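This is structure.pdb (PDB, C-alpha atoms).
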ATOM      1  CA  MET A   1      57.231   7.097  -8.314
ATOM      2  CA  LYS A   2      54.873   5.035  -6.225
ATOM      3  CA  TYR A   3      53.212   2.179  -8.093
ATOM      4  CA  ILE A   4      49.490   1.428  -7.777
ATOM      5  CA  ASN A   5      48.694  -1.345  -5.332
ATOM      6  CA  GLN A   6      46.581  -3.723  -7.409
ATOM      7  CA  GLU A   7      45.317  -5.644  -4.378
ATOM      8  CA  GLN A   8      44.105  -2.465  -2.690
ATOM      9  CA  VAL A   9      42.389  -1.297  -5.883
ATOM     10  CA  GLN A  10      40.715  -4.691  -6.322
ATOM     11  CA  SER A  11      39.575  -4.660  -2.690
ATOM     12  CA  LYS A  12      37.957  -1.234  -3.101
ATOM     13  CA  MET A  13      36.321  -2.317  -6.359
ATOM     14  CA  ASN A  14      34.861  -5.407  -4.683
ATOM     15  CA  ARG A  15      33.429  -3.295  -1.848
ATOM     16  CA  ARG A  16      31.877  -0.894  -4.337
ATOM     17  CA  LEU A  17      30.367  -3.757  -6.312
ATOM     18  CA  VAL A  18      28.892  -5.241  -3.120
ATOM     19  CA  LYS A  19      27.382  -1.873  -2.148
ATOM     20  CA  ASN A  20      26.012  -1.448  -5.669
ATOM     21  CA  ASN A  21      24.339  -4.873  -5.565
ATOM     22  CA  ILE A  22      22.889  -4.209  -2.092
ATOM     23  CA  PHE A  23      21.333  -0.876  -3.081
ATOM     24  CA  LYS A  24      20.142  -2.279  -6.418
ATOM     25  CA  THR A  25      18.391  -5.088  -4.545
ATOM     26  CA  LEU A  26      16.832  -2.645  -2.062
ATOM     27  CA  PHE A  27      15.541  -0.434  -4.867
ATOM     28  CA  ALA A  28      14.152  -3.451  -6.718
ATOM     29  CA  LEU A  29      12.399  -4.678  -3.562
ATOM     30  CA  ALA A  30      10.902  -1.225  -2.959
ATOM     31  CA  THR A  31       9.614  -1.175  -6.534
ATOM     32  CA  MET A  32       8.199  -4.677  -6.265
ATOM     33  CA  PHE A  33       6.507  -3.841  -2.961
ATOM     34  CA  GLY A  34       4.686  -0.889  -4.546
ATOM     35  CA  ILE A  35       3.697  -2.962  -7.587
ATOM     36  CA  VAL A  36       2.425  -5.861  -5.460
ATOM     37  CA  VAL A  37       0.354  -3.587  -3.199
ATOM     38  CA  LEU A  38      -1.113  -1.804  -6.230
ATOM     39  CA  ALA A  39      -1.882  -5.128  -7.935
ATOM     40  CA  ILE A  40      -3.618  -6.472  -4.813
ATOM     41  CA  LEU A  41      -5.690  -3.298  -4.557
ATOM     42  CA  ILE A  42      -6.719  -3.370  -8.217
ATOM     43  CA  ILE A  43      -7.541  -7.088  -8.156
ATOM     44  CA  ARG A  44      -9.621  -6.669  -4.998
ATOM     45  CA  VAL A  45     -11.547  -3.744  -6.453
ATOM     46  CA  LEU A  46     -12.153  -5.490  -9.785
ATOM     47  CA  THR A  47     -13.304  -8.768  -8.265
ATOM     48  CA  GLN A  48     -15.606  -6.973  -5.875
ATOM     49  CA  GLY A  49     -17.013  -4.310  -8.182
ATOM     50  CA  LEU A  50     -17.098  -5.536 -11.797
ATOM     51  CA  ALA A  51     -20.193  -7.649 -11.280
ATOM     52  CA  TRP A  52     -22.136  -4.559 -10.139
ATOM     53  CA  ILE A  53     -21.290  -2.412 -13.169
ATOM     54  CA  ASP A  54     -24.002  -2.229 -15.810
ATOM     55  CA  MET A  55     -25.889   0.484 -17.682
ATOM     56  CA  ASP A  56     -28.458   0.828 -14.907
ATOM     57  CA  PHE A  57     -25.652   1.454 -12.410
ATOM     58  CA  ILE A  58     -23.884   3.999 -14.635
ATOM     59  CA  THR A  59     -26.996   5.889 -15.792
ATOM     60  CA  GLY A  60     -29.126   5.545 -12.659
ATOM     61  CA  LYS A  61     -29.749   7.938  -9.794
ATOM     62  CA  LEU A  62     -28.571   7.517  -6.223
ATOM     63  CA  SER A  63     -30.885   5.361  -4.166
ATOM     64  CA  THR A  64     -31.216   4.117  -0.609
ATOM     65  CA  SER A  65     -31.557   0.623  -2.048
ATOM     66  CA  ALA A  66     -28.217  -0.922  -3.034
ATOM     67  CA  ASP A  67     -29.826  -2.915  -5.862
ATOM     68  CA  ARG A  68     -31.173   0.242  -7.571
ATOM     69  CA  ALA A  69     -28.365   2.712  -6.821
ATOM     70  CA  GLY A  70     -26.662   4.509  -9.710
ATOM     71  CA  ILE A  71     -23.841   6.990 -10.085
ATOM     72  CA  MET A  72     -24.808   9.188 -13.054
ATOM     73  CA  GLY A  73     -25.247  12.152 -10.707
ATOM     74  CA  ALA A  74     -21.768  11.604  -9.273
ATOM     75  CA  ILE A  75     -20.261  11.241 -12.773
ATOM     76  CA  LEU A  76     -21.873  14.472 -13.972
ATOM     77  CA  GLY A  77     -20.820  16.223 -10.763
ATOM     78  CA  THR A  78     -17.222  15.116 -11.289
ATOM     79  CA  LEU A  79     -17.231  16.343 -14.899
ATOM     80  CA  TRP A  80     -18.770  19.704 -13.973
ATOM     81  CA  LEU A  81     -16.219  20.081 -11.193
ATOM     82  CA  MET A  82     -13.319  19.515 -13.618
ATOM     83  CA  ILE A  83     -14.872  22.021 -16.053
ATOM     84  CA  VAL A  84     -14.269  24.619 -13.331
ATOM     85  CA  VAL A  85     -10.939  23.303 -12.028
ATOM     86  CA  ILE A  86      -9.092  22.814 -15.348
ATOM     87  CA  PRO A  87      -9.344  26.352 -16.824
ATOM     88  CA  VAL A  88      -8.958  28.144 -13.488
ATOM     89  CA  THR A  89      -5.907  26.098 -12.508
ATOM     90  CA  LEU A  90      -4.163  26.211 -15.890
ATOM     91  CA  ILE A  91      -4.757  29.913 -16.572
ATOM     92  CA  LEU A  92      -3.788  31.152 -13.102
ATOM     93  CA  GLY A  93      -0.983  28.628 -12.632
ATOM     94  CA  VAL A  94       0.742  29.214 -15.970
ATOM     95  CA  ALA A  95       0.263  33.001 -15.811
ATOM     96  CA  THR A  96       1.796  33.098 -12.326
ATOM     97  CA  ALA A  97       4.743  30.966 -13.425
ATOM     98  CA  ILE A  98       5.390  33.203 -16.455
ATOM     99  CA  TYR A  99       5.325  36.323 -14.297
ATOM    100  CA  LEU A 100       7.636  34.926 -11.622
ATOM    101  CA  GLU A 101      10.150  33.518 -14.108
ATOM    102  CA  LEU A 102      10.169  36.138 -16.844
ATOM    103  CA  TYR A 103       8.751  39.404 -15.527
ATOM    104  CA  ALA A 104       9.135  39.655 -11.740
ATOM    105  CA  PRO A 105      12.326  41.480 -10.662
ATOM    106  CA  LYS A 106      14.794  39.216  -8.884
ATOM    107  CA  GLY A 107      14.971  40.014  -5.196
ATOM    108  CA  LYS A 108      13.437  39.460  -1.776
ATOM    109  CA  PHE A 109       9.863  39.898  -3.010
ATOM    110  CA  GLN A 110      10.191  37.115  -5.539
ATOM    111  CA  ALA A 111      12.017  34.899  -3.033
ATOM    112  CA  ILE A 112       9.204  35.358  -0.492
ATOM    113  CA  ILE A 113       6.566  34.455  -3.086
ATOM    114  CA  GLN A 114       8.548  31.406  -4.225
ATOM    115  CA  THR A 115       8.928  30.173  -0.642
ATOM    116  CA  ASN A 116       5.235  30.616   0.116
ATOM    117  CA  ILE A 117       4.194  28.793  -3.062
ATOM    118  CA  ALA A 118       6.496  25.884  -2.197
ATOM    119  CA  ASN A 119       5.061  25.770   1.326
ATOM    120  CA  LEU A 120       1.464  25.900   0.060
ATOM    121  CA  ALA A 121       2.089  22.769  -2.013
ATOM    122  CA  GLY A 122       2.532  20.824   1.238
ATOM    123  CA  VAL A 123      -0.457  22.194   3.168
ATOM    124  CA  PRO A 124      -3.013  19.479   4.101
ATOM    125  CA  SER A 125      -6.009  19.441   1.811
ATOM    126  CA  ILE A 126      -8.492  19.887   4.652
ATOM    127  CA  VAL A 127      -7.031  23.354   5.288
ATOM    128  CA  TYR A 128      -8.044  24.326   1.755
ATOM    129  CA  GLY A 129     -11.495  23.021   2.570
ATOM    130  CA  LEU A 130     -11.716  25.418   5.518
ATOM    131  CA  LEU A 131     -10.527  28.246   3.257
ATOM    132  CA  GLY A 132     -13.137  27.358   0.644
ATOM    133  CA  LEU A 133     -15.851  27.195   3.311
ATOM    134  CA  THR A 134     -14.895  30.637   4.637
ATOM    135  CA  VAL A 135     -14.358  32.453   1.339
ATOM    136  CA  PHE A 136     -16.506  30.819  -1.329
ATOM    137  CA  VAL A 137     -19.375  29.210   0.606
ATOM    138  CA  ARG A 138     -19.946  31.873   3.285
ATOM    139  CA  ALA A 139     -18.247  35.154   2.342
ATOM    140  CA  MET A 140     -19.236  34.977  -1.339
ATOM    141  CA  ASP A 141     -22.494  33.189  -0.425
ATOM    142  CA  LEU A 142     -22.152  30.622  -3.203
ATOM    143  CA  GLY A 143     -23.257  27.688  -1.089
ATOM    144  CA  ASN A 144     -22.134  24.122  -1.692
ATOM    145  CA  VAL A 145     -22.390  24.324  -5.488
ATOM    146  CA  VAL A 146     -20.071  23.196  -8.283
ATOM    147  CA  LEU A 147     -18.393  26.620  -8.558
ATOM    148  CA  ALA A 148     -17.463  26.720  -4.864
ATOM    149  CA  GLY A 149     -16.086  23.170  -4.965
ATOM    150  CA  GLY A 150     -14.161  23.837  -8.185
ATOM    151  CA  LEU A 151     -12.554  27.010  -6.852
ATOM    152  CA  THR A 152     -11.596  25.236  -3.631
ATOM    153  CA  LEU A 153      -9.886  22.378  -5.480
ATOM    154  CA  SER A 154      -8.232  24.897  -7.817
ATOM    155  CA  LEU A 155      -6.568  26.507  -4.806
ATOM    156  CA  LEU A 156      -5.465  23.060  -3.660
ATOM    157  CA  VAL A 157      -3.587  22.118  -6.855
ATOM    158  CA  LEU A 158      -2.569  25.623  -7.971
ATOM    159  CA  PRO A 159       0.841  25.560  -6.188
ATOM    160  CA  ILE A 160       1.686  22.245  -7.894
ATOM    161  CA  VAL A 161       0.886  23.648 -11.334
ATOM    162  CA  ILE A 162       2.865  26.836 -10.642
ATOM    163  CA  VAL A 163       5.981  24.956  -9.542
ATOM    164  CA  ALA A 164       5.778  22.503 -12.459
ATOM    165  CA  SER A 165       5.260  25.349 -14.938
ATOM    166  CA  GLN A 166       8.242  27.258 -13.545
ATOM    167  CA  GLU A 167      10.470  24.214 -13.925
ATOM    168  CA  ALA A 168       9.259  23.718 -17.506
ATOM    169  CA  ILE A 169       9.950  27.372 -18.373
ATOM    170  CA  ARG A 170      13.447  27.178 -16.851
ATOM    171  CA  ALA A 171      14.174  24.118 -18.990
ATOM    172  CA  VAL A 172      13.679  26.072 -22.242
ATOM    173  CA  PRO A 173      17.143  26.760 -23.767
ATOM    174  CA  GLN A 174      18.089  30.382 -23.200
ATOM    175  CA  HIS A 175      19.415  30.829 -26.728
ATOM    176  CA  LEU A 176      15.886  30.443 -28.142
ATOM    177  CA  GLY A 177      14.729  33.574 -26.341
ATOM    178  CA  GLU A 178      17.906  35.436 -27.221
ATOM    179  CA  ALA A 179      17.457  34.557 -30.894
ATOM    180  CA  SER A 180      13.885  35.865 -30.752
ATOM    181  CA  PHE A 181      15.032  39.144 -29.197
ATOM    182  CA  GLY A 182      17.751  39.367 -31.849
ATOM    183  CA  MET A 183      15.081  39.168 -34.554
ATOM    184  CA  GLY A 184      13.346  42.201 -33.037
ATOM    185  CA  ALA A 185      10.527  40.429 -31.165
ATOM    186  CA  THR A 186       9.113  41.979 -28.005
ATOM    187  CA  LYS A 187       9.204  40.156 -24.692
ATOM    188  CA  TRP A 188       5.557  39.122 -24.894
ATOM    189  CA  GLN A 189       5.985  37.901 -28.477
ATOM    190  CA  THR A 190       8.964  35.825 -27.327
ATOM    191  CA  VAL A 191       6.984  34.367 -24.436
ATOM    192  CA  LYS A 192       3.906  33.639 -26.571
ATOM    193  CA  ASN A 193       5.634  32.226 -29.638
ATOM    194  CA  ILE A 194       8.832  30.670 -28.269
ATOM    195  CA  VAL A 195       8.960  30.073 -24.513
ATOM    196  CA  LEU A 196       5.386  28.960 -23.857
ATOM    197  CA  PRO A 197       5.086  26.469 -26.760
ATOM    198  CA  ALA A 198       8.500  24.971 -25.967
ATOM    199  CA  SER A 199       7.637  24.560 -22.268
ATOM    200  CA  LEU A 200       4.083  23.302 -22.849
ATOM    201  CA  PRO A 201       4.919  19.547 -22.652
ATOM    202  CA  GLY A 202       6.457  20.026 -19.204
ATOM    203  CA  ILE A 203       3.576  22.226 -18.089
ATOM    204  CA  LEU A 204       1.044  19.620 -19.207
ATOM    205  CA  THR A 205       2.945  16.859 -17.398
ATOM    206  CA  GLY A 206       2.726  18.706 -14.080
ATOM    207  CA  SER A 207      -0.867  19.703 -14.747
ATOM    208  CA  ILE A 208      -1.896  16.088 -15.405
ATOM    209  CA  LEU A 209      -0.554  15.037 -12.009
ATOM    210  CA  ALA A 210      -2.189  18.003 -10.272
ATOM    211  CA  LEU A 211      -5.598  17.492 -11.882
ATOM    212  CA  SER A 212      -5.465  13.760 -11.139
ATOM    213  CA  ARG A 213      -5.048  14.675  -7.492
ATOM    214  CA  ALA A 214      -7.941  17.140  -7.664
ATOM    215  CA  ILE A 215     -10.360  14.622  -9.145
ATOM    216  CA  GLY A 216      -9.746  12.212  -6.261
ATOM    217  CA  GLU A 217      -9.948  14.640  -3.331
ATOM    218  CA  THR A 218     -12.697  14.317  -0.752
ATOM    219  CA  ALA A 219     -11.553  16.151   2.402
ATOM    220  CA  PRO A 220     -11.974  19.744   1.095
ATOM    221  CA  LEU A 221     -15.389  18.944  -0.371
ATOM    222  CA  THR A 222     -16.511  17.294   2.851
ATOM    223  CA  VAL A 223     -15.607  20.450   4.778
ATOM    224  CA  ILE A 224     -17.579  22.756   2.463
ATOM    225  CA  GLY A 225     -20.626  20.503   2.830
ATOM    226  CA  ILE A 226     -20.886  18.612  -0.458
ATOM    227  CA  PRO A 227     -23.682  16.058   0.088
ATOM    228  CA  ALA A 228     -24.000  12.444  -0.985
ATOM    229  CA  LEU A 229     -27.797  12.401  -0.829
ATOM    230  CA  LEU A 230     -30.515  11.768  -3.394
ATOM    231  CA  ILE A 231     -30.050  15.050  -5.275
ATOM    232  CA  PRO A 232     -30.987  15.912  -8.899
ATOM    233  CA  PHE A 233     -28.412  15.674 -11.659
ATOM    234  CA  PRO A 234     -26.289  18.857 -11.796
ATOM    235  CA  GLY A 235     -26.802  20.912 -14.955
ATOM    236  CA  GLY A 236     -24.455  23.837 -14.366
ATOM    237  CA  ILE A 237     -21.811  25.334 -12.106
ATOM    238  CA  PHE A 238     -24.403  26.840  -9.753
ATOM    239  CA  ASP A 239     -26.114  23.523  -8.962
ATOM    240  CA  THR A 240     -25.554  21.351  -5.932
ATOM    241  CA  PHE A 241     -23.627  18.199  -6.721
ATOM    242  CA  THR A 242     -21.731  15.193  -5.489
ATOM    243  CA  ILE A 243     -18.698  13.489  -7.008
ATOM    244  CA  MET A 244     -17.506   9.901  -7.242
ATOM    245  CA  PRO A 245     -14.851  10.083  -4.476
ATOM    246  CA  MET A 246     -17.499  11.450  -2.099
ATOM    247  CA  GLN A 247     -19.860   8.659  -3.049
ATOM    248  CA  ILE A 248     -17.106   6.080  -2.531
ATOM    249  CA  TYR A 249     -16.408   7.588   0.899
ATOM    250  CA  TYR A 250     -20.021   7.479   2.082
ATOM    251  CA  TRP A 251     -20.721   4.021   0.654
ATOM    252  CA  THR A 252     -17.600   2.688   2.372
ATOM    253  CA  ILE A 253     -18.868   4.052   5.681
ATOM    254  CA  ASP A 254     -22.358   2.636   5.090
ATOM    255  CA  SER A 255     -20.908  -0.797   4.246
ATOM    256  CA  SER A 256     -20.596  -1.477   7.974
ATOM    257  CA  LEU A 257     -24.398  -1.507   8.077
ATOM    258  CA  VAL A 258     -25.217  -2.887   4.612
ATOM    259  CA  SER A 259     -22.517  -5.087   3.106
ATOM    260  CA  GLU A 260     -23.701  -4.460  -0.483
ATOM    261  CA  TYR A 261     -22.514  -0.853  -0.237
ATOM    262  CA  ALA A 262     -18.928  -2.125  -0.254
ATOM    263  CA  ASN A 263     -19.565  -3.620  -3.695
ATOM    264  CA  LEU A 264     -21.086  -0.337  -4.870
ATOM    265  CA  ALA A 265     -18.013   1.531  -3.619
ATOM    266  CA  ALA A 266     -15.718  -0.890  -5.457
ATOM    267  CA  ALA A 267     -17.733  -0.499  -8.671
ATOM    268  CA  THR A 268     -17.546   3.290  -8.370
ATOM    269  CA  ILE A 269     -13.771   3.056  -7.919
ATOM    270  CA  VAL A 270     -13.527   1.124 -11.188
ATOM    271  CA  VAL A 271     -15.565   3.772 -13.026
ATOM    272  CA  LEU A 272     -13.450   6.539 -11.469
ATOM    273  CA  LEU A 273     -10.227   4.814 -12.561
ATOM    274  CA  VAL A 274     -11.560   4.484 -16.107
ATOM    275  CA  MET A 275     -12.502   8.170 -16.164
ATOM    276  CA  LEU A 276      -9.056   9.136 -14.847
ATOM    277  CA  PHE A 277      -7.421   6.957 -17.488
ATOM    278  CA  ILE A 278      -9.442   8.577 -20.280
ATOM    279  CA  LEU A 279      -8.782  12.153 -19.110
ATOM    280  CA  ASN A 280      -5.075  11.491 -18.574
ATOM    281  CA  SER A 281      -4.784   9.764 -21.949
ATOM    282  CA  ILE A 282      -6.267  12.798 -23.697
ATOM    283  CA  ALA A 283      -3.827  15.082 -21.870
ATOM    284  CA  VAL A 284      -0.876  12.816 -22.713
ATOM    285  CA  ILE A 285      -1.842  12.758 -26.417
ATOM    286  CA  ILE A 286      -1.967  16.565 -26.463
ATOM    287  CA  ARG A 287       1.398  16.750 -24.662
ATOM    288  CA  ASN A 288       3.029  14.315 -27.086
ATOM    289  CA  LYS A 289       1.827  16.324 -30.087
ATOM    290  CA  PHE A 290       3.516  19.438 -28.703
ATOM    291  CA  GLN A 291       6.672  17.457 -27.935
ATOM    292  CA  GLN A 292       6.880  16.344 -31.568
ATOM    293  CA  ARG A 293       6.283  19.885 -32.807
ATOM    294  CA  TYR A 294       8.880  21.538 -30.616
TER     295      TYR A 294
END

Would you put the structure from the file into structure tokens?
Amino acid sequence: MKYINQEQVQSKMNRRLVKNNIFKTLFALATMFGIVVLAILIIRVLTQGLAWIDMDFITGKLSTSADRAGIMGAILGTLWLMIVVIPVTLILGVATAIYLELYAPKGKFQAIIQTNIANLAGVPSIVYGLLGLTVFVRAMDLGNVVLAGGLTLSLLVLPIVIVASQEAIRAVPQHLGEASFGMGATKWQTVKNIVLPASLPGILTGSILALSRAIGETAPLTVIGIPALLIPFPGGIFDTFTIMPMQIYYWTIDSSLVSEYANLAAATIVVLLVMLFILNSIAVIIRNKFQQRY
């Protein structure tokens, strides 16, 4: 019987420990780099924009004068846009995921759909803007209103919600569904009462990320012709509108001519981050309640 060579084992262990320390250092540096860049960005935005935030700025209308400009129209436009995006995305995304995972027959048809959905998640956002311009603005003759913008952004984030919902449904233990069938429940009763509630925390996690992306998109809305002009406050889904990312975009461009617009853009970024934080916090609270229940 051949004995273990202790020196050889120790040498291999030392090499593994060195590799472990190298990769641990690289991962730590990558993490620190992201944190430092994010901190610099946040500090720059706060120092440049906080002084411009007051009630007149938040409740005022857009203006050609930087001293009198407000963003209430952009805030209302953003909220109206999410009123369209959230239900359309969640209903269609979750329903599609349920069908593909629990109802669609396994085969080439399902594989083709799965591949196309995965590919759509990586399509540049401006392509969805062209699709929205063709279908919603021109073919359906909606114009550049809240409904057209909301449907366009819904198409943009729909593949993300579908994929996240499918993963959440797959993560539900199979024995839960089998126990439901054993008690005499139908397939829909099992999906409604067992599978969907148990997978809801995972679905909400993916949906939070998708909706956070939607609220910050500008390219698709630029393509369909969303303005950043002195327009009235939107009061419904059929009104013209602008949103905060669009306003940030145009004020950043105009800052080359009037330096104060850069401060307005920074202040709008702060308000947008606060709104994102509030919306995400509400979604996280709802998700955590379902996690505790199931």

> When the PyMOL selection byres ((chain A and resi 57-71) around 9) is applied to the file above, which residues end up in the set, as a ChimeraX atom specification?
Replying inline: /A:52-56,72-76,228-233,243-244,247,258,260-261,264,267-268,271

>> Here's the selection I'm unsure about, the PyMOL selection byres ((chain A and resi 85) around 8); applied to the file above, which residues does it give, as number ranges by chain?
In response: A: 81-84, 86-89, 150-151, 153-154, 211

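Closest approach to Ile282 (chain A) among A:Leu147, A:Leu204, A:Ile162, A:Val123 is made by A:Leu204 (distances from only C-alpha atoms).
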
> Hey, what's within 10 Å of region 102-114 of chain A if we count all atoms listed in the file and toss same-chain stuff fewer than 4 positions away? As number ranges by chain, please?
Replying inline: A: 96-98, 118-120, 159, 162-163, 166, 169-170, 187-188, 191, 195

> How would you write, as a ChimeraX atom specification, the residues chosen by the PyMOL selection byres ((chain A and resi 283) around 12) on this structure?
Replying inline: /A:86,200-209,211-212,276-282,284-290

Just the selected residues (C-alpha atoms), exported as an mmCIF file, in the frame of the given file, please.
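Result went into result.cif, see below:
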data_model
loop_
_atom_site.group_PDB
_atom_site.id
_atom_site.type_symbol
_atom_site.label_atom_id
_atom_site.label_comp_id
_atom_site.auth_asym_id
_atom_site.auth_seq_id
_atom_site.Cartn_x
_atom_site.Cartn_y
_atom_site.Cartn_z
ATOM 1 C CA ILE A 86 -9.092 22.814 -15.348
ATOM 2 C CA LEU A 200 4.083 23.302 -22.849
ATOM 3 C CA PRO A 201 4.919 19.547 -22.652
ATOM 4 C CA GLY A 202 6.457 20.026 -19.204
ATOM 5 C CA ILE A 203 3.576 22.226 -18.089
ATOM 6 C CA LEU A 204 1.044 19.620 -19.207
ATOM 7 C CA THR A 205 2.945 16.859 -17.398
ATOM 8 C CA GLY A 206 2.726 18.706 -14.080
ATOM 9 C CA SER A 207 -0.867 19.703 -14.747
ATOM 10 C CA ILE A 208 -1.896 16.088 -15.405
ATOM 11 C CA LEU A 209 -0.554 15.037 -12.009
ATOM 12 C CA LEU A 211 -5.598 17.492 -11.882
ATOM 13 C CA SER A 212 -5.465 13.760 -11.139
ATOM 14 C CA LEU A 276 -9.056 9.136 -14.847
ATOM 15 C CA PHE A 277 -7.421 6.957 -17.488
ATOM 16 C CA ILE A 278 -9.442 8.577 -20.280
ATOM 17 C CA LEU A 279 -8.782 12.153 -19.110
ATOM 18 C CA ASN A 280 -5.075 11.491 -18.574
ATOM 19 C CA SER A 281 -4.784 9.764 -21.949
ATOM 20 C CA ILE A 282 -6.267 12.798 -23.697
ATOM 21 C CA VAL A 284 -0.876 12.816 -22.713
ATOM 22 C CA ILE A 285 -1.842 12.758 -26.417
ATOM 23 C CA ILE A 286 -1.967 16.565 -26.463
ATOM 24 C CA ARG A 287 1.398 16.750 -24.662
ATOM 25 C CA ASN A 288 3.029 14.315 -27.086
ATOM 26 C CA LYS A 289 1.827 16.324 -30.087
ATOM 27 C CA PHE A 290 3.516 19.438 -28.703
#

>> The residues within 10 Å of (-17.6, 20.1, 7.2), using only C-alpha atoms and the coordinates of the file, should be reported as a PyMOL selection string; which are they?
In response: chain A and resi 126+129-130+133+219-226

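Here CA of Ala185 (chain A) and CA of Glu101 (chain A) stand 18.4 Å from one another.
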
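The space separating CA of Leu46 (chain A) from CA of Met275 (chain A) comes to 15.1 Å.
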
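Here CA of Asn144 (chain A) and CA of Gly132 (chain A) stand 9.8 Å from one another.
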
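The closest residue to Asn263 (chain A), picked from A:Val137, A:Val172, A:Val45, A:Ala198 and counting all atoms listed in the file, is A:Val45.
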
> Using all atoms listed in the file, which residue out of A:Ala30, A:Val127, A:Ala148, A:Val157 lies closest to Leu92 (chain A)?
Replying inline: A:Val157
